[in-house]
Amino acid sequence: MAPATAIVWFRRDLRLGDNPALSGALAGHDRVVPVFILDPGLLRGRFPSPARAAFLHGCLRDLTRGVRERGGAMVVREGRPWVELPRLAREARACTVHWADDVSPYARARDGRVRTALERAGVEVVVHPGNFVAAVASIRTFQGRPYRVFTPFYRTWLTAPRRALLDAPEALAPPGRIRRGRLPALAALGALDPPQRLVEPGEDAARRAMAAWLDDGLARYAERHDRLAGGTSRLSPYLHFGCLSARELDAAMGRRRGSGAVAYRRQLCWRDFFAHVLLHHPESARRELQERYRSLEWDEDDELLDAWRAGRTGYPLVDAAMRELLSTGWMHNRARLVVGSFLTKDLHLDWRRGEEHFMRTLIDGDEASNNGNWQWIASVGADPAPYFRRLLSPVAQQRRHDPDGDYVRRWVPELGAVPDAHLAEPWRMTKEEQSDAGCILGHDYPNPIVDHATERERAIQRYRAAGGGVRR
DNA sequence: TTTTGAGTTGTTCGA
DNA sequence: GTCGAACAACTCAAA
């Protein structure tokens, strides 16, 4: 009898440890063919990203090496998955294809087409849990509905069943006589100009980063996570590409006591929550989850948008954050809120412009989390807190979360010699003080492009008008 | 069905 | 400089 062969389709679960699709394929099959498909629908799709393509490339190299060290061989194909997978199944004489579930509308439509094509070819499909802590698809309220508010979701999530952890396979069989394909050069992935590498890609690097974080950062997370100059785990790129298992990270958290572990775990829950929301409200990928805010009016102003993207708004914290994003592909979570509030409430530009810029630049760019957080800060998404809690003042936020100016001075060097007292509002310096600091406003650093106090009032008016009352 | 309790991350003002 | 109140009365989830 011919050996039973299964295919594992890697998508964004680029690891060997605690990988349900891989372990599932290995159980009951003599041979497993691991494949990654470079899908032009993603690489040149709605949110192409040189930064993420470069990180993905590194992760794939790492995964390929890990597979080879265990005696297997990674197969790489380029094309549409619903074409490539039936073809590969035929070549490899595979009877089953395994993959991990995902939540974005694109992923779900794609997986549906792939399933149809495979089943038509007589190949079985087995879908495994995606890279979330809990089963986000099946968490429900007592009335059987999906959640739209975080805290009740969180309470259910805390006690929701967790799947068993899985060891990495010790050995993989060689895939036999099939075309393996090659990982193309970076440029072919659209990664022409990747930002400086801040995060080392791959599963091994992810494990080291996780160990270091648990060892060193977690205990003080509750007090420090809002500090712009440090204090967060920076594990998000690994979670997005699945170099790190969210389930495993949560398990490590569950064994720990202390406010840091509790607070961090809550953040992991936000990731599951936004996946849950997008899964059950796929239309929110493109429009406001809250119906009454679909009529909100947004300005169109390319000059303001460009200034925001480039970090030339004249608000030091906003500019530092936007420049950090451009040069590293990452931004502190607190800073994401500040620049998000600034785009939508101070510049009155559509949150979708911000969502798109983030998706194109972030190495952790994740459709569910990014969309959910943008809708949250734009006050149009899943969350019932009053609108006046979401108009962040860039000046107040800078004073509170970067009191020594370490963050701002790092990313906005022209403000380097501006004293602490003026660093959040450099435009208040006299000519003489500007001269002393070597920073002439309007020359070395821009004047503020808008006045926060004025725009704040305008934002409130707009939300009030669109909301049909006072509510968010 | 109806009621009840509660809701990530703030800002500003005036005493 | 610090502190408490106002912002404004909505919607979701649970019972």
# chains A, B, ... in the order shown; residues from 1 in each chain; ligands from 1
>>> interface_residues(of="chain C", to="chain A", cutoff="12 Å", atoms="only C-alpha atoms (C1' of nucleotides)", output="PDB file with C-alpha atoms (C1' of nucleotides), in the first residue's frame")
ATOM      1  C1'  DA C   6     -18.195  67.266  34.941  1.00  0.00           C
ATOM      2  C1'  DC C   7     -18.315  65.605  30.556  1.00  0.00           C
ATOM      3  C1'  DA C   8     -23.815  63.053  29.276  1.00  0.00           C
ATOM      4  C1'  DA C   9     -27.089  60.058  30.040  1.00  0.00           C
ATOM      5  C1'  DC C  10     -25.928  54.684  25.903  1.00  0.00           C
ATOM      6  C1'  DT C  11     -25.589  49.978  25.019  1.00  0.00           C
ATOM      7  C1'  DC C  12     -24.376  45.473  26.011  1.00  0.00           C
ATOM      8  C1'  DA C  13     -24.654  41.289  28.688  1.00  0.00           C
ATOM      9  C1'  DA C  14     -26.675  38.795  32.325  1.00  0.00           C
ATOM     10  C1'  DA C  15     -30.345  37.552  35.187  1.00  0.00           C
TER      11       DA C  15
END
>>> interface_residues(of="chain A", to="chain B", cutoff="12 Å", atoms="only C-alpha atoms (C1' of nucleotides)", output="PyMOL selection string")
chain A and resi 148-152+154+225-226+263+266-267+269-270+333-338+341+373+376-377+382-397+400+452-453+456-457
>>> write_last_selection(atoms="N, CA and C atoms", output="short mmCIF file (atom, residue, chain, number, x, y, z; two decimals), in the first residue's frame")
data_model
loop_
_atom_site.label_atom_id
_atom_site.label_comp_id
_atom_site.auth_asym_id
_atom_site.auth_seq_id
_atom_site.Cartn_x
_atom_site.Cartn_y
_atom_site.Cartn_z
N ARG A 148 -19.66 41.90 21.89
CA ARG A 148 -19.26 43.18 21.31
C ARG A 148 -18.62 44.08 22.35
N VAL A 149 -18.57 43.62 23.59
CA VAL A 149 -17.96 44.39 24.66
C VAL A 149 -16.83 43.56 25.27
N PHE A 150 -15.74 44.22 25.55
CA PHE A 150 -14.56 43.47 25.95
C PHE A 150 -14.69 42.75 27.29
N THR A 151 -15.07 43.48 28.33
CA THR A 151 -14.98 42.90 29.66
C THR A 151 -15.78 41.61 29.86
N PRO A 152 -17.03 41.55 29.41
CA PRO A 152 -17.74 40.27 29.51
C PRO A 152 -17.04 39.17 28.70
N TYR A 154 -13.88 38.99 28.19
CA TYR A 154 -12.70 38.65 28.97
C TYR A 154 -13.03 37.66 30.09
N HIS A 225 3.99 49.41 31.32
CA HIS A 225 3.61 49.18 29.93
C HIS A 225 3.28 50.46 29.17
N ASP A 226 2.95 51.52 29.88
CA ASP A 226 2.65 52.78 29.21
C ASP A 226 3.88 53.65 28.99
N ALA A 263 -2.12 41.68 33.91
CA ALA A 263 -2.30 42.78 32.94
C ALA A 263 -1.88 42.34 31.53
N ARG A 266 -4.37 40.04 29.97
CA ARG A 266 -5.52 40.81 29.50
C ARG A 266 -5.27 41.36 28.09
N GLN A 267 -4.06 41.77 27.84
CA GLN A 267 -3.72 42.26 26.50
C GLN A 267 -3.81 41.14 25.47
N CYS A 269 -5.80 38.81 25.63
CA CYS A 269 -7.23 38.62 25.44
C CYS A 269 -7.78 39.62 24.43
N TRP A 270 -7.23 40.83 24.42
CA TRP A 270 -7.66 41.82 23.42
C TRP A 270 -7.42 41.31 22.02
N ASN A 333 2.49 50.70 21.86
CA ASN A 333 1.04 50.68 21.87
C ASN A 333 0.43 52.01 22.31
N ARG A 334 0.96 52.58 23.32
CA ARG A 334 0.44 53.87 23.81
C ARG A 334 0.56 54.93 22.71
N ALA A 335 1.68 54.90 22.01
CA ALA A 335 1.90 55.86 20.93
C ALA A 335 0.90 55.62 19.79
N ARG A 336 0.54 54.36 19.55
CA ARG A 336 -0.45 54.07 18.51
C ARG A 336 -1.76 54.75 18.83
N LEU A 337 -2.11 54.75 20.11
CA LEU A 337 -3.36 55.41 20.50
C LEU A 337 -3.27 56.92 20.29
N VAL A 338 -2.13 57.48 20.66
CA VAL A 338 -1.98 58.93 20.55
C VAL A 338 -2.04 59.36 19.08
N SER A 341 -5.65 58.89 17.76
CA SER A 341 -6.53 59.96 18.20
C SER A 341 -6.23 61.24 17.43
N ASN A 373 -8.45 48.11 16.79
CA ASN A 373 -7.90 49.22 17.56
C ASN A 373 -8.14 50.56 16.89
N TRP A 376 -11.57 51.43 17.57
CA TRP A 376 -11.72 51.77 18.98
C TRP A 376 -11.29 53.21 19.23
N ILE A 377 -10.12 53.58 18.71
CA ILE A 377 -9.63 54.94 18.97
C ILE A 377 -10.44 55.97 18.20
N ALA A 382 -16.05 48.48 18.61
CA ALA A 382 -16.59 47.71 19.72
C ALA A 382 -16.09 48.26 21.04
N ASP A 383 -16.92 49.03 21.69
CA ASP A 383 -16.57 49.49 23.03
C ASP A 383 -17.52 50.59 23.45
N PRO A 384 -18.06 50.51 24.64
CA PRO A 384 -19.10 51.46 25.02
C PRO A 384 -18.63 52.65 25.87
N ALA A 385 -17.37 52.91 26.01
CA ALA A 385 -16.95 54.03 26.84
C ALA A 385 -17.28 55.36 26.15
N PRO A 386 -17.54 56.39 26.92
CA PRO A 386 -17.94 57.68 26.34
C PRO A 386 -16.85 58.30 25.48
N TYR A 387 -17.26 59.06 24.47
CA TYR A 387 -16.31 59.59 23.48
C TYR A 387 -15.25 60.49 24.11
N PHE A 388 -15.61 61.17 25.20
CA PHE A 388 -14.65 62.14 25.74
C PHE A 388 -13.47 61.48 26.43
N ARG A 389 -13.51 60.17 26.54
CA ARG A 389 -12.33 59.48 27.07
C ARG A 389 -11.36 59.12 25.96
N ARG A 390 -11.66 59.44 24.75
CA ARG A 390 -10.81 59.02 23.63
C ARG A 390 -10.24 60.19 22.87
N LEU A 391 -10.35 61.37 23.40
CA LEU A 391 -9.71 62.51 22.75
C LEU A 391 -8.41 62.71 23.47
N LEU A 392 -7.39 62.06 23.00
CA LEU A 392 -6.12 62.14 23.71
C LEU A 392 -5.39 63.42 23.37
N SER A 393 -4.89 64.06 24.39
CA SER A 393 -4.09 65.26 24.18
C SER A 393 -2.64 64.85 23.99
N PRO A 394 -2.06 65.15 22.83
CA PRO A 394 -0.67 64.73 22.60
C PRO A 394 0.28 65.34 23.62
N VAL A 395 -0.03 66.53 24.08
CA VAL A 395 0.83 67.21 25.05
C VAL A 395 0.75 66.51 26.41
N ALA A 396 -0.49 66.29 26.89
CA ALA A 396 -0.66 65.64 28.20
C ALA A 396 -0.10 64.22 28.18
N GLN A 397 -0.31 63.51 27.07
CA GLN A 397 0.17 62.14 26.97
C GLN A 397 1.70 62.09 27.01
N ARG A 400 2.94 62.73 30.54
CA ARG A 400 2.67 61.60 31.44
C ARG A 400 3.53 60.38 31.12
N HIS A 452 -4.70 71.90 19.02
CA HIS A 452 -5.41 70.78 19.64
C HIS A 452 -6.72 71.20 20.30
N ALA A 453 -6.70 72.28 21.07
CA ALA A 453 -7.91 72.70 21.80
C ALA A 453 -9.06 72.99 20.83
N ARG A 456 -10.22 69.68 19.06
CA ARG A 456 -10.92 68.84 20.03
C ARG A 456 -12.41 69.18 20.06
N GLU A 457 -12.71 70.48 20.12
CA GLU A 457 -14.10 70.92 20.14
C GLU A 457 -14.81 70.55 18.85
#
>>> atom_distance(atom1="CA of Glu248 (chain A)", atom2="CA of Pro146 (chain A)")
24.6 Å
>>> residues_around(residues="Ala94 (chain A)", least_positions_apart="5", cutoff="12 Å", atoms="only C-alpha atoms (C1' of nucleotides)", output="ChimeraX atom specification")
/A:2-8,25,29-34,85-89,118,121-125,175-176,178
>>> write_last_selection(atoms="N, CA and C atoms", output="mmCIF file, in the first residue's frame")
data_model
loop_
_atom_site.group_PDB
_atom_site.id
_atom_site.type_symbol
_atom_site.label_atom_id
_atom_site.label_comp_id
_atom_site.auth_asym_id
_atom_site.auth_seq_id
_atom_site.Cartn_x
_atom_site.Cartn_y
_atom_site.Cartn_z
ATOM 1 N N ALA A 2 0.450 2.232 -0.774
ATOM 2 C CA ALA A 2 1.216 3.487 -0.816
ATOM 3 C C ALA A 2 1.167 4.171 0.543
ATOM 4 N N PRO A 3 2.235 4.850 0.915
ATOM 5 C CA PRO A 3 2.231 5.530 2.211
ATOM 6 C C PRO A 3 1.193 6.644 2.227
ATOM 7 N N ALA A 4 0.557 6.804 3.382
ATOM 8 C CA ALA A 4 -0.436 7.873 3.517
ATOM 9 C C ALA A 4 0.283 9.200 3.695
ATOM 10 N N THR A 5 -0.050 10.143 2.842
ATOM 11 C CA THR A 5 0.632 11.424 2.861
ATOM 12 C C THR A 5 -0.342 12.555 3.182
ATOM 13 N N ALA A 6 0.096 13.452 4.060
ATOM 14 C CA ALA A 6 -0.708 14.635 4.386
ATOM 15 C C ALA A 6 0.103 15.886 4.070
ATOM 16 N N ILE A 7 -0.604 16.933 3.690
ATOM 17 C CA ILE A 7 0.038 18.227 3.466
ATOM 18 C C ILE A 7 -0.283 19.139 4.650
ATOM 19 N N VAL A 8 0.740 19.858 5.129
ATOM 20 C CA VAL A 8 0.477 20.932 6.099
ATOM 21 C C VAL A 8 0.694 22.239 5.393
ATOM 22 N N ALA A 25 -1.374 16.696 11.274
ATOM 23 C CA ALA A 25 -1.007 16.015 10.030
ATOM 24 C C ALA A 25 -0.089 14.825 10.318
ATOM 25 N N HIS A 29 -0.294 9.781 9.654
ATOM 26 C CA HIS A 29 0.226 9.758 8.286
ATOM 27 C C HIS A 29 1.696 9.380 8.306
ATOM 28 N N ASP A 30 2.104 8.647 7.282
ATOM 29 C CA ASP A 30 3.504 8.237 7.215
ATOM 30 C C ASP A 30 4.383 9.394 6.803
ATOM 31 N N ARG A 31 3.771 10.276 5.992
ATOM 32 C CA ARG A 31 4.597 11.335 5.423
ATOM 33 C C ARG A 31 3.830 12.648 5.440
ATOM 34 N N VAL A 32 4.556 13.703 5.791
ATOM 35 C CA VAL A 32 3.930 15.024 5.839
ATOM 36 C C VAL A 32 4.718 15.970 4.941
ATOM 37 N N VAL A 33 4.009 16.645 4.078
ATOM 38 C CA VAL A 33 4.639 17.619 3.187
ATOM 39 C C VAL A 33 4.281 19.025 3.664
ATOM 40 N N PRO A 34 5.277 19.745 4.204
ATOM 41 C CA PRO A 34 4.991 21.119 4.638
ATOM 42 C C PRO A 34 5.124 22.085 3.463
ATOM 43 N N LEU A 85 -2.617 24.176 -4.209
ATOM 44 C CA LEU A 85 -2.778 23.060 -3.266
ATOM 45 C C LEU A 85 -3.330 21.798 -3.924
ATOM 46 N N PRO A 86 -4.374 21.889 -4.770
ATOM 47 C CA PRO A 86 -4.803 20.665 -5.467
ATOM 48 C C PRO A 86 -3.682 20.091 -6.332
ATOM 49 N N ARG A 87 -2.900 20.973 -6.943
ATOM 50 C CA ARG A 87 -1.793 20.513 -7.784
ATOM 51 C C ARG A 87 -0.765 19.759 -6.940
ATOM 52 N N LEU A 88 -0.407 20.350 -5.817
ATOM 53 C CA LEU A 88 0.577 19.710 -4.937
ATOM 54 C C LEU A 88 0.031 18.391 -4.372
ATOM 55 N N ALA A 89 -1.249 18.391 -4.044
ATOM 56 C CA ALA A 89 -1.844 17.160 -3.510
ATOM 57 C C ALA A 89 -1.738 16.026 -4.536
ATOM 58 N N LEU A 118 -10.177 21.418 -3.213
ATOM 59 C CA LEU A 118 -9.582 20.167 -2.736
ATOM 60 C C LEU A 118 -10.628 19.055 -2.652
ATOM 61 N N ALA A 121 -11.372 17.515 -5.731
ATOM 62 C CA ALA A 121 -10.311 16.596 -6.177
ATOM 63 C C ALA A 121 -10.216 15.367 -5.275
ATOM 64 N N GLY A 122 -11.157 15.242 -4.358
ATOM 65 C CA GLY A 122 -11.160 14.067 -3.489
ATOM 66 C C GLY A 122 -10.160 14.134 -2.346
ATOM 67 N N VAL A 123 -9.715 15.347 -2.020
ATOM 68 C CA VAL A 123 -8.757 15.506 -0.923
ATOM 69 C C VAL A 123 -9.486 16.050 0.307
ATOM 70 N N GLU A 124 -9.221 15.429 1.439
ATOM 71 C CA GLU A 124 -9.888 15.838 2.671
ATOM 72 C C GLU A 124 -9.215 17.089 3.250
ATOM 73 N N VAL A 125 -10.006 17.961 3.876
ATOM 74 C CA VAL A 125 -9.475 19.161 4.526
ATOM 75 C C VAL A 125 -9.694 19.040 6.028
ATOM 76 N N PRO A 175 10.052 14.545 1.823
ATOM 77 C CA PRO A 175 8.770 14.649 1.119
ATOM 78 C C PRO A 175 8.680 13.801 -0.144
ATOM 79 N N GLY A 176 9.742 13.107 -0.523
ATOM 80 C CA GLY A 176 9.672 12.296 -1.738
ATOM 81 C C GLY A 176 9.989 13.121 -2.976
ATOM 82 N N ILE A 178 9.007 15.326 -5.155
ATOM 83 C CA ILE A 178 8.160 16.405 -5.642
ATOM 84 C C ILE A 178 8.989 17.673 -5.746
#
>>> select_by_dssp(residues="region 119-328 of chain A", states="helix (DSSP H, G or I)", output="count of residues only")
103
>>> select_by_dssp(residues="region 52-203 of chain A", states="strand (DSSP E)", output="PyMOL selection string")
chain A and resi 75-78+94-100+124-128
>>> residues_around(residues="His57 (chain A)", least_positions_apart="3", cutoff="12 Å", atoms="only C-alpha atoms (C1' of nucleotides)", output="PyMOL selection string")
chain A and resi 12+14+36+38+43+50-54+60-64+76+182-192+194+200-202+241+363
>>> residues_around(residues="Ala134 (chain A)", least_positions_apart="6", cutoff="10 Å", atoms="only C-alpha atoms (C1' of nucleotides)", output="short mmCIF file (atom, residue, chain, number, x, y, z; two decimals) with C-alpha atoms, in the first residue's frame")
data_model
loop_
_atom_site.label_atom_id
_atom_site.label_comp_id
_atom_site.auth_asym_id
_atom_site.auth_seq_id
_atom_site.Cartn_x
_atom_site.Cartn_y
_atom_site.Cartn_z
CA TRP A 157 -12.38 33.92 27.94
CA LEU A 158 -10.54 33.48 31.26
CA THR A 159 -12.40 30.26 31.94
CA ALA A 160 -12.88 29.09 28.35
CA PRO A 161 -11.32 25.69 27.60
CA ARG A 162 -7.76 25.69 26.32
CA ARG A 163 -6.43 23.10 23.91
CA ALA A 246 -0.40 32.55 21.67
CA ARG A 247 -1.69 29.52 23.53
CA ASP A 250 -0.87 32.39 27.76
CA CYS A 269 -7.23 38.62 25.44
CA ASP A 272 -8.49 37.21 20.77
CA PHE A 273 -11.34 39.68 21.24
#
>>> residues_around(residues="Pro316 (chain A)", least_positions_apart="3", cutoff="10 Å", atoms="only C-alpha atoms (C1' of nucleotides)", output="ChimeraX atom specification")
/A:311-313,319-322,394-395,398,405,407-409,411-412,415,423-426,445-446,448
>>> write_last_selection(atoms="N, CA and C atoms", output="compact mmCIF listing (two decimals), in the first residue's frame")
# COMPACT_ATOMS: atom_id res chain seq x y z
N GLY A 311 5.64 62.27 10.16
CA GLY A 311 6.09 62.77 11.45
C GLY A 311 6.51 64.22 11.36
N ARG A 312 5.66 65.07 10.77
CA ARG A 312 5.93 66.51 10.65
C ARG A 312 4.71 67.30 11.09
N THR A 313 4.13 66.92 12.22
CA THR A 313 2.91 67.60 12.66
C THR A 313 3.20 68.75 13.60
N ASP A 319 5.08 63.03 16.27
CA ASP A 319 6.15 62.92 15.28
C ASP A 319 7.15 61.83 15.64
N ALA A 320 7.49 61.73 16.93
CA ALA A 320 8.40 60.67 17.36
C ALA A 320 7.84 59.31 17.00
N ALA A 321 6.55 59.13 17.30
CA ALA A 321 5.92 57.83 17.08
C ALA A 321 5.87 57.48 15.60
N MET A 322 5.48 58.45 14.77
CA MET A 322 5.35 58.17 13.35
C MET A 322 6.72 57.89 12.72
N PRO A 394 -2.06 65.15 22.83
CA PRO A 394 -0.67 64.73 22.60
C PRO A 394 0.28 65.34 23.62
N VAL A 395 -0.03 66.53 24.08
CA VAL A 395 0.83 67.21 25.05
C VAL A 395 0.75 66.51 26.41
N GLN A 398 2.31 63.05 26.35
CA GLN A 398 3.78 63.09 26.36
C GLN A 398 4.32 63.36 27.76
N GLY A 405 11.56 62.66 28.36
CA GLY A 405 11.81 62.98 26.95
C GLY A 405 12.70 61.99 26.23
N TYR A 407 12.04 59.17 24.81
CA TYR A 407 11.43 58.67 23.58
C TYR A 407 11.42 59.75 22.50
N VAL A 408 10.94 60.92 22.85
CA VAL A 408 10.84 62.00 21.86
C VAL A 408 12.22 62.40 21.34
N ARG A 409 13.18 62.52 22.22
CA ARG A 409 14.51 62.95 21.76
C ARG A 409 15.16 61.89 20.88
N TRP A 411 13.68 59.96 18.68
CA TRP A 411 13.12 59.90 17.32
C TRP A 411 12.99 61.26 16.66
N VAL A 412 13.08 62.32 17.47
CA VAL A 412 13.04 63.67 16.89
C VAL A 412 14.30 64.39 17.34
N LEU A 415 14.94 68.08 18.34
CA LEU A 415 14.49 68.61 19.64
C LEU A 415 15.45 68.23 20.76
N LEU A 423 9.59 70.55 26.06
CA LEU A 423 9.67 69.48 25.07
C LEU A 423 8.31 69.04 24.53
N ALA A 424 7.27 69.20 25.35
CA ALA A 424 5.95 68.80 24.87
C ALA A 424 5.28 69.93 24.08
N GLU A 425 5.71 71.16 24.30
CA GLU A 425 5.13 72.30 23.60
C GLU A 425 6.25 73.24 23.15
N PRO A 426 7.07 72.79 22.23
CA PRO A 426 8.24 73.61 21.84
C PRO A 426 7.85 74.97 21.27
N TYR A 445 12.17 72.67 13.09
CA TYR A 445 11.07 71.79 13.48
C TYR A 445 9.77 72.53 13.20
N PRO A 446 8.74 71.82 12.68
CA PRO A 446 7.53 72.54 12.27
C PRO A 446 6.74 73.12 13.43
N PRO A 448 3.04 73.65 15.08
CA PRO A 448 1.92 72.70 15.10
C PRO A 448 1.01 72.93 13.89
>>> residues_around(residues="Glu414 (chain A)", least_positions_apart="4", cutoff="10 Å", atoms="only C-alpha atoms (C1' of nucleotides)", output="list in words")
Val408, Arg409, Arg410, Val418, Ala437, Gly438, Cys439, Ile440, Asp444 and Tyr445 of chain A
>>> write_last_selection(atoms="N, CA and C atoms", output="PDB file, in the first residue's frame")
ATOM      1  N   VAL A 408      10.944  60.917  22.848  1.00  0.00           N
ATOM      2  CA  VAL A 408      10.840  61.996  21.862  1.00  0.00           C
ATOM      3  C   VAL A 408      12.221  62.396  21.337  1.00  0.00           C
ATOM      4  N   ARG A 409      13.180  62.517  22.219  1.00  0.00           N
ATOM      5  CA  ARG A 409      14.508  62.950  21.764  1.00  0.00           C
ATOM      6  C   ARG A 409      15.162  61.894  20.878  1.00  0.00           C
ATOM      7  N   ARG A 410      14.833  60.628  21.130  1.00  0.00           N
ATOM      8  CA  ARG A 410      15.433  59.579  20.307  1.00  0.00           C
ATOM      9  C   ARG A 410      14.962  59.673  18.863  1.00  0.00           C
ATOM     10  N   VAL A 418      16.269  70.788  23.372  1.00  0.00           N
ATOM     11  CA  VAL A 418      15.154  71.523  23.984  1.00  0.00           C
ATOM     12  C   VAL A 418      14.970  71.033  25.414  1.00  0.00           C
ATOM     13  N   ALA A 437      18.373  76.434  22.071  1.00  0.00           N
ATOM     14  CA  ALA A 437      18.195  74.993  21.888  1.00  0.00           C
ATOM     15  C   ALA A 437      18.593  74.536  20.485  1.00  0.00           C
ATOM     16  N   GLY A 438      18.994  75.490  19.657  1.00  0.00           N
ATOM     17  CA  GLY A 438      19.351  75.137  18.279  1.00  0.00           C
ATOM     18  C   GLY A 438      18.178  74.602  17.495  1.00  0.00           C
ATOM     19  N   CYS A 439      17.007  75.096  17.816  1.00  0.00           N
ATOM     20  CA  CYS A 439      15.804  74.576  17.186  1.00  0.00           C
ATOM     21  C   CYS A 439      14.838  75.725  16.922  1.00  0.00           C
ATOM     22  N   ILE A 440      14.924  76.275  15.714  1.00  0.00           N
ATOM     23  CA  ILE A 440      14.046  77.386  15.349  1.00  0.00           C
ATOM     24  C   ILE A 440      12.756  76.804  14.782  1.00  0.00           C
ATOM     25  N   ASP A 444      13.796  74.478  11.867  1.00  0.00           N
ATOM     26  CA  ASP A 444      14.352  73.180  12.253  1.00  0.00           C
ATOM     27  C   ASP A 444      13.265  72.162  12.596  1.00  0.00           C
ATOM     28  N   TYR A 445      12.172  72.665  13.091  1.00  0.00           N
ATOM     29  CA  TYR A 445      11.068  71.785  13.483  1.00  0.00           C
ATOM     30  C   TYR A 445       9.768  72.532  13.204  1.00  0.00           C
TER      31      TYR A 445
END
>>> atom_distance(atom1="CA of Ser245 (chain A)", atom2="CA of Ser138 (chain A)")
19.1 Å
